[in-house]
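This report refers to the structure that appears directly beneath it.
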Amino acid sequence: MTKAEQMQAVVLDRFGGIEELHLRSIAVPQVGDHDVLIEVQAAGVGSWDATEREGGYDGVFGVASAFPYVLGWDGAGVVAQVGDAVQDFVPGDRVYAASTPVPRGGFYARFAVVPEAHVSSVPAGLPIEEAGALAWDAVTAQSGVDLLNPAEGSTVIVFGASGGIGHLALQFARLRGARTIAVASGHDGIELSRELGADLAFDGRVDDIEAAVRNFAPDGADAALITAGGAGALAALRGVKPSGRVAVPHGVRLDPSVDDARVQYYDGDRRQAALRRVSEAVESGALRLHLAHRFDLDQVREAHRMLAGHHLGKIVLSI
């Protein structure tokens with residue numbers, strides 16, 4: 001690839017609403033010595049993409065935002081080119097990756113460049129669209145459960161259990177042998193949580209969270225993974241025993257009044273070793289991604305409208 005070559009991408013020329021998403025041609029990103037250039041076939045659409053689109057992450061990564069700005073934190077496709085120092089991949093390999101849109105652009109594009117350290121082979125048998133939506137949610141869920149380190153037979157609350165991170169965290173907790181309480185959204189969210197093996201599943205927007213938790217675990221839950229804010233998150237916190245642990249991904253905003261020593265904020269580990277663990281869980285049949293809907297790249301505005309409403313699991317763009 002040369003700098004003069006162009007690709008189709010969804011770009012922002014400024015931060016704002018859905019109307020600021022535009023499909024047009026921009027330059028293909030350049031490949032450094034340790035980089036992998038991926039010809040993208042599928043890109044995940046995460047709940048955080050709307051916040052980023054509106055400028056909510058402007059400058060928080062320590063890198064100035066530059067336009068045109070390309071969203072998209074996770075994606076999958078075929079290796080198109082590798083840097084001179086890349087050892088693990090060659091053109092033609094099927095890969096998925098967890099990236100960041102700054103400073104070189106994300107996966108809402110025909111091509112994306114990612115450091116080799118954050119790229120992994122697509123799990124055997126996994127459709128490319130599922131691989132494209134998997135990486136960030138999976139490593140965030142996995143890292144959260146690692147932080148909680150639940151013992152076999154302990155009780156773990158997953159708040160937001162029918163969302164992108166939550167439905168995967170539910171499965172990772174079960175892999176540890178934990179009993180799981182799924183605080184989901186809607187009847188369909190309850191059903192998905194039960195399908196994924198939750199020991200207790202209920203609608204956190206309708207049911208009394210504290211009462212449901214106490215009825216299941218009279219002494220309180222041993223741990224909780226909180227994937228969304230709001231009053232329900234506080235109720236879930238109150239359901240954790242005083243000696244318990246609470247994990248919250250960075251970017252999730254709890255009420256400013258929360259001053260709880262049990263709460264630990266964390267980032268998802270997106271190194272190759274972490275992605276390989278995700279792949280192993282998928283290949284063993286212990287982990288599956290739920291896709292809410294697939295949109296074509298030119299339907300990106302419709303995808304972001306769905307982000308604002310009720311949906312389960314993850315949304316994906318087919319590039």
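Chain labels run A, B, ... following the order of the structure tokens; each chain numbers its residues from 1, and ligands are numbered from 1 in the order shown.
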
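For Val102 in chain A, the list of residues within 9 Å, based on only C-alpha atoms and with local chain neighbours fewer than 3 positions off taken out, reads A:Phe61, A:Val63, A:Ala64, A:Ser65, A:Ala66, A:Tyr69, A:Val70, A:Leu71, A:Ser99, A:Gly105, A:Gly106.
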
| message | At a cut-off of 6 Å, using only C-alpha atoms, what residues contact range 201-218 of chain A? Leave out same-chain residues fewer than 6 positions from it and give the result as a ChimeraX atom specification. | response | /A:181-186,190,235,239

| Leaving out Asp93 in chain A and any residue of its chain fewer than 6 positions from it, which residues lie within 10 Å of it when counting only C-alpha atoms, given as JSON, numbers by chain? | {"A": [38, 77, 78, 79, 80, 120, 121, 122]}

Write a file of the just-selected residues containing all heavy atoms, as an mmCIF file, in the first residue's frame.
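Written output follows (selection_14.cif):
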data_model
loop_
_atom_site.group_PDB
_atom_site.id
_atom_site.type_symbol
_atom_site.label_atom_id
_atom_site.label_comp_id
_atom_site.auth_asym_id
_atom_site.auth_seq_id
_atom_site.Cartn_x
_atom_site.Cartn_y
_atom_site.Cartn_z
ATOM 1 N N ILE A 38 -4.911 -4.646 8.149
ATOM 2 C CA ILE A 38 -6.006 -5.595 7.996
ATOM 3 C C ILE A 38 -7.009 -5.078 6.964
ATOM 4 O O ILE A 38 -7.453 -3.924 7.060
ATOM 5 C CB ILE A 38 -6.724 -5.818 9.343
ATOM 6 C CG1 ILE A 38 -5.736 -6.339 10.392
ATOM 7 C CG2 ILE A 38 -7.906 -6.772 9.190
ATOM 8 C CD1 ILE A 38 -6.313 -6.382 11.799
ATOM 9 N N GLY A 77 -10.742 -9.445 9.783
ATOM 10 C CA GLY A 77 -10.596 -9.504 8.338
ATOM 11 C C GLY A 77 -9.380 -10.312 7.948
ATOM 12 O O GLY A 77 -8.983 -11.245 8.660
ATOM 13 N N VAL A 78 -8.767 -9.925 6.845
ATOM 14 C CA VAL A 78 -7.634 -10.652 6.279
ATOM 15 C C VAL A 78 -6.414 -9.737 6.269
ATOM 16 O O VAL A 78 -6.510 -8.557 5.915
ATOM 17 C CB VAL A 78 -7.959 -11.123 4.846
ATOM 18 C CG1 VAL A 78 -6.759 -11.805 4.212
ATOM 19 C CG2 VAL A 78 -9.153 -12.069 4.873
ATOM 20 N N VAL A 79 -5.277 -10.272 6.660
ATOM 21 C CA VAL A 79 -4.038 -9.495 6.638
ATOM 22 C C VAL A 79 -3.702 -9.108 5.201
ATOM 23 O O VAL A 79 -3.615 -9.967 4.317
ATOM 24 C CB VAL A 79 -2.874 -10.279 7.264
ATOM 25 C CG1 VAL A 79 -1.558 -9.504 7.108
ATOM 26 C CG2 VAL A 79 -3.157 -10.567 8.736
ATOM 27 N N ALA A 80 -3.539 -7.794 4.983
ATOM 28 C CA ALA A 80 -3.190 -7.294 3.648
ATOM 29 C C ALA A 80 -1.698 -7.006 3.514
ATOM 30 O O ALA A 80 -1.118 -7.139 2.431
ATOM 31 C CB ALA A 80 -3.986 -6.025 3.339
ATOM 32 N N SER A 120 -4.767 -11.194 16.759
ATOM 33 C CA SER A 120 -4.753 -12.636 16.977
ATOM 34 C C SER A 120 -5.487 -13.326 15.826
ATOM 35 O O SER A 120 -6.291 -12.709 15.130
ATOM 36 C CB SER A 120 -5.418 -12.990 18.305
ATOM 37 O OG SER A 120 -5.266 -14.367 18.612
ATOM 38 N N SER A 121 -5.218 -14.601 15.662
ATOM 39 C CA SER A 121 -5.902 -15.383 14.631
ATOM 40 C C SER A 121 -7.369 -15.574 15.005
ATOM 41 O O SER A 121 -7.705 -15.749 16.182
ATOM 42 C CB SER A 121 -5.246 -16.759 14.474
ATOM 43 O OG SER A 121 -3.907 -16.616 14.055
ATOM 44 N N VAL A 122 -8.246 -15.529 14.017
ATOM 45 C CA VAL A 122 -9.671 -15.750 14.251
ATOM 46 C C VAL A 122 -9.869 -17.166 14.800
ATOM 47 O O VAL A 122 -9.312 -18.123 14.257
ATOM 48 C CB VAL A 122 -10.474 -15.561 12.944
ATOM 49 C CG1 VAL A 122 -11.918 -16.001 13.123
ATOM 50 C CG2 VAL A 122 -10.410 -14.110 12.496
#

Name all residues at most 9 Å from range 254-256 of chain A (count only C-alpha atoms; drop same-chain ones fewer than 4 positions away) and give them as a PDB file with N, CA and C atoms, in the first residue's frame.
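Saved file out_20.pdb follows:
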ATOM      1  N   ALA A 228     -22.544  -0.931  33.551  1.00  0.00           N
ATOM      2  CA  ALA A 228     -23.312   0.279  33.233  1.00  0.00           C
ATOM      3  C   ALA A 228     -23.569   1.037  34.529  1.00  0.00           C
ATOM      4  N   GLY A 229     -23.840   2.323  34.408  1.00  0.00           N
ATOM      5  CA  GLY A 229     -24.103   3.140  35.583  1.00  0.00           C
ATOM      6  C   GLY A 229     -25.581   3.214  35.908  1.00  0.00           C
ATOM      7  N   GLY A 230     -25.962   4.239  36.659  1.00  0.00           N
ATOM      8  CA  GLY A 230     -27.363   4.442  37.003  1.00  0.00           C
ATOM      9  C   GLY A 230     -27.715   3.898  38.370  1.00  0.00           C
ATOM     10  N   ALA A 231     -28.988   4.102  38.719  1.00  0.00           N
ATOM     11  CA  ALA A 231     -29.461   3.686  40.039  1.00  0.00           C
ATOM     12  C   ALA A 231     -29.366   2.180  40.216  1.00  0.00           C
ATOM     13  N   ALA A 233     -27.086   0.188  39.172  1.00  0.00           N
ATOM     14  CA  ALA A 233     -25.720  -0.177  39.538  1.00  0.00           C
ATOM     15  C   ALA A 233     -25.500  -0.020  41.034  1.00  0.00           C
ATOM     16  N   LEU A 234     -26.059   1.036  41.604  1.00  0.00           N
ATOM     17  CA  LEU A 234     -25.920   1.250  43.041  1.00  0.00           C
ATOM     18  C   LEU A 234     -26.636   0.159  43.826  1.00  0.00           C
ATOM     19  N   VAL A 248     -15.242  -2.573  37.759  1.00  0.00           N
ATOM     20  CA  VAL A 248     -15.949  -1.639  36.879  1.00  0.00           C
ATOM     21  C   VAL A 248     -14.993  -1.221  35.753  1.00  0.00           C
TER      22      VAL A 248
END

| request: Run DSSP on the backbone of this structure and report the residues of range 70-256 of chain A it assigns to strand (DSSP E or B), as a PyMOL selection string. | output: chain A and resi 74-82+94-98+109+111-115+119-121+155-159+163+179-184+200-203+221-226+240-249

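Remark: for Ala112 in chain A, the closest of the candidate residues A:Gly75, A:Pro150, A:Gly62, A:Gly44 is A:Gly75 (distances computed over only C-alpha atoms).
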
| range 9-206 of chain A: residues DSSP assigns to alpha helix (DSSP H), reported as a PyMOL selection string | chain A and resi 47-53+128-132+135-148+164-175+186-195

| request: To one decimal in Å, tell me the separation between CA of Gly163 in chain A and CA of Ile226 in chain A. | output: 11.1 Å

| query | Which polymer residues have any atom within 12 Å of an atom of Gln6 in chain A, counting only C-alpha atoms, with same-chain residues fewer than 6 positions away left out, as JSON, numbers by chain? | reply | {"A": [24, 25, 26, 27, 28, 29, 30, 109, 110, 111]}

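Distance-wise, CA of Arg253 in chain A and CA of Ala76 in chain A end up 28.8 Å apart.
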
| field | Shell of 12 Å around Ser284 in chain A, only C-alpha atoms, local chain residues under 6 positions omitted, as a PyMOL selection string | value | chain A and resi 123-126+175+277-278

May I have the residues from that selection written out with all heavy atoms, as a JSON list (two decimals), in the first residue's frame?
[["chain", "number", "residue", "atom", "x", "y", "z"],
["A", 123, "PRO", "N", -10.65, -17.32, 15.87],
["A", 123, "PRO", "CA", -10.90, -18.66, 16.41],
["A", 123, "PRO", "C", -11.47, -19.59, 15.35],
["A", 123, "PRO", "O", -12.29, -19.19, 14.53],
["A", 123, "PRO", "CB", -11.92, -18.41, 17.53],
["A", 123, "PRO", "CG", -11.68, -16.99, 17.94],
["A", 123, "PRO", "CD", -11.28, -16.27, 16.69],
["A", 124, "ALA", "N", -11.03, -20.83, 15.38],
["A", 124, "ALA", "CA", -11.48, -21.83, 14.40],
["A", 124, "ALA", "C", -12.99, -21.95, 14.44],
["A", 124, "ALA", "O", -13.59, -22.10, 15.50],
["A", 124, "ALA", "CB", -10.83, -23.17, 14.70],
["A", 125, "GLY", "N", -13.60, -21.88, 13.26],
["A", 125, "GLY", "CA", -15.03, -22.06, 13.14],
["A", 125, "GLY", "C", -15.87, -20.84, 13.43],
["A", 125, "GLY", "O", -17.10, -20.89, 13.28],
["A", 126, "LEU", "N", -15.25, -19.74, 13.86],
["A", 126, "LEU", "CA", -16.02, -18.54, 14.19],
["A", 126, "LEU", "C", -16.28, -17.72, 12.93],
["A", 126, "LEU", "O", -15.35, -17.34, 12.22],
["A", 126, "LEU", "CB", -15.27, -17.69, 15.21],
["A", 126, "LEU", "CG", -16.05, -16.50, 15.79],
["A", 126, "LEU", "CD1", -17.19, -17.00, 16.67],
["A", 126, "LEU", "CD2", -15.13, -15.58, 16.59],
["A", 175, "LEU", "N", -17.24, -20.09, 33.66],
["A", 175, "LEU", "CA", -16.05, -20.89, 33.41],
["A", 175, "LEU", "C", -15.23, -21.09, 34.68],
["A", 175, "LEU", "O", -14.52, -22.09, 34.82],
["A", 175, "LEU", "CB", -15.18, -20.23, 32.34],
["A", 175, "LEU", "CG", -15.44, -20.59, 30.89],
["A", 175, "LEU", "CD1", -14.65, -19.71, 29.96],
["A", 175, "LEU", "CD2", -15.11, -22.06, 30.65],
["A", 277, "ARG", "N", -6.54, -16.47, 24.89],
["A", 277, "ARG", "CA", -7.43, -17.09, 25.88],
["A", 277, "ARG", "C", -8.89, -16.98, 25.44],
["A", 277, "ARG", "O", -9.67, -17.92, 25.61],
["A", 277, "ARG", "CB", -7.24, -16.42, 27.24],
["A", 277, "ARG", "CG", -5.96, -16.78, 27.96],
["A", 277, "ARG", "CD", -5.85, -16.01, 29.26],
["A", 277, "ARG", "NE", -6.99, -16.28, 30.13],
["A", 277, "ARG", "CZ", -7.37, -15.45, 31.11],
["A", 277, "ARG", "NH1", -6.73, -14.30, 31.32],
["A", 277, "ARG", "NH2", -8.42, -15.76, 31.86],
["A", 278, "VAL", "N", -9.24, -15.82, 24.87],
["A", 278, "VAL", "CA", -10.60, -15.66, 24.35],
["A", 278, "VAL", "C", -10.84, -16.68, 23.24],
["A", 278, "VAL", "O", -11.88, -17.36, 23.21],
["A", 278, "VAL", "CB", -10.80, -14.22, 23.81],
["A", 278, "VAL", "CG1", -12.11, -14.11, 23.04],
["A", 278, "VAL", "CG2", -10.77, -13.22, 24.96]]

| task | Excluding Arg294 in chain A and any residue of its chain fewer than 3 positions from it, enumerate the residues within 9 Å of it, using only C-alpha atoms, and give them as a ChimeraX atom specification. | result | /A:129,291,303,315-318

Let me see the file: selected residues, C-alpha atoms, as a short mmCIF file (atom, residue, chain, number, x, y, z; two decimals), in the first residue's frame.
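Saved file selection18.cif follows:
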data_model
loop_
_atom_site.label_atom_id
_atom_site.label_comp_id
_atom_site.auth_asym_id
_atom_site.auth_seq_id
_atom_site.Cartn_x
_atom_site.Cartn_y
_atom_site.Cartn_z
CA GLU A 129 -18.82 -11.11 11.54
CA LEU A 291 -25.07 -10.45 17.62
CA ALA A 303 -26.42 1.09 13.58
CA ILE A 315 -23.89 -4.79 16.78
CA VAL A 316 -21.62 -5.39 13.78
CA LEU A 317 -20.85 -3.59 10.52
CA SER A 318 -20.19 -5.72 7.45
#

| message | Quick check, in Å to one decimal: how far apart do CA of Phe67 in chain A and CA of Trp136 in chain A lie? | response | 23.4 Å

| note | Restricting to only C-alpha atoms, whichever of A:Thr100, A:Gln41, A:Thr51, A:Ser193 is closest to Gly72 in chain A is A:Thr100

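Nearest-residue note for Leu23 in chain A: choosing from A:Ala9, A:Pro249, A:Val119, A:Val36, the minimum distance belongs to A:Ala9, counting only C-alpha atoms.
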
Find the residues of range 157-192 of chain A that sit at most 8 Å from range 306-314 of chain A; for each, write down the nearest two atoms and how far apart they are in Å, to one decimal. Count only C-alpha atoms. Sort by chain, then by number going up, and give it as JSON lines.
{"residue": "A:Ser162", "atom": "CA", "partner": "A:Leu312", "partner_atom": "CA", "distance": 5.5}
{"residue": "A:Gly163", "atom": "CA", "partner": "A:Gly313", "partner_atom": "CA", "distance": 4.6}
{"residue": "A:Gly164", "atom": "CA", "partner": "A:Gly313", "partner_atom": "CA", "distance": 4.2}
{"residue": "A:Ile165", "atom": "CA", "partner": "A:Gly313", "partner_atom": "CA", "distance": 7.6}
{"residue": "A:His167", "atom": "CA", "partner": "A:Gly313", "partner_atom": "CA", "distance": 6.6}
{"residue": "A:Asp188", "atom": "CA", "partner": "A:Leu312", "partner_atom": "CA", "distance": 7.9}
{"residue": "A:Gly189", "atom": "CA", "partner": "A:Leu312", "partner_atom": "CA", "distance": 6.5}

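For the choices A:Asp84, A:Asp146, A:Asp33, A:Glu52, the atom-to-atom distance to Asp269 in chain A is smallest for A:Asp146 when using only C-alpha atoms.
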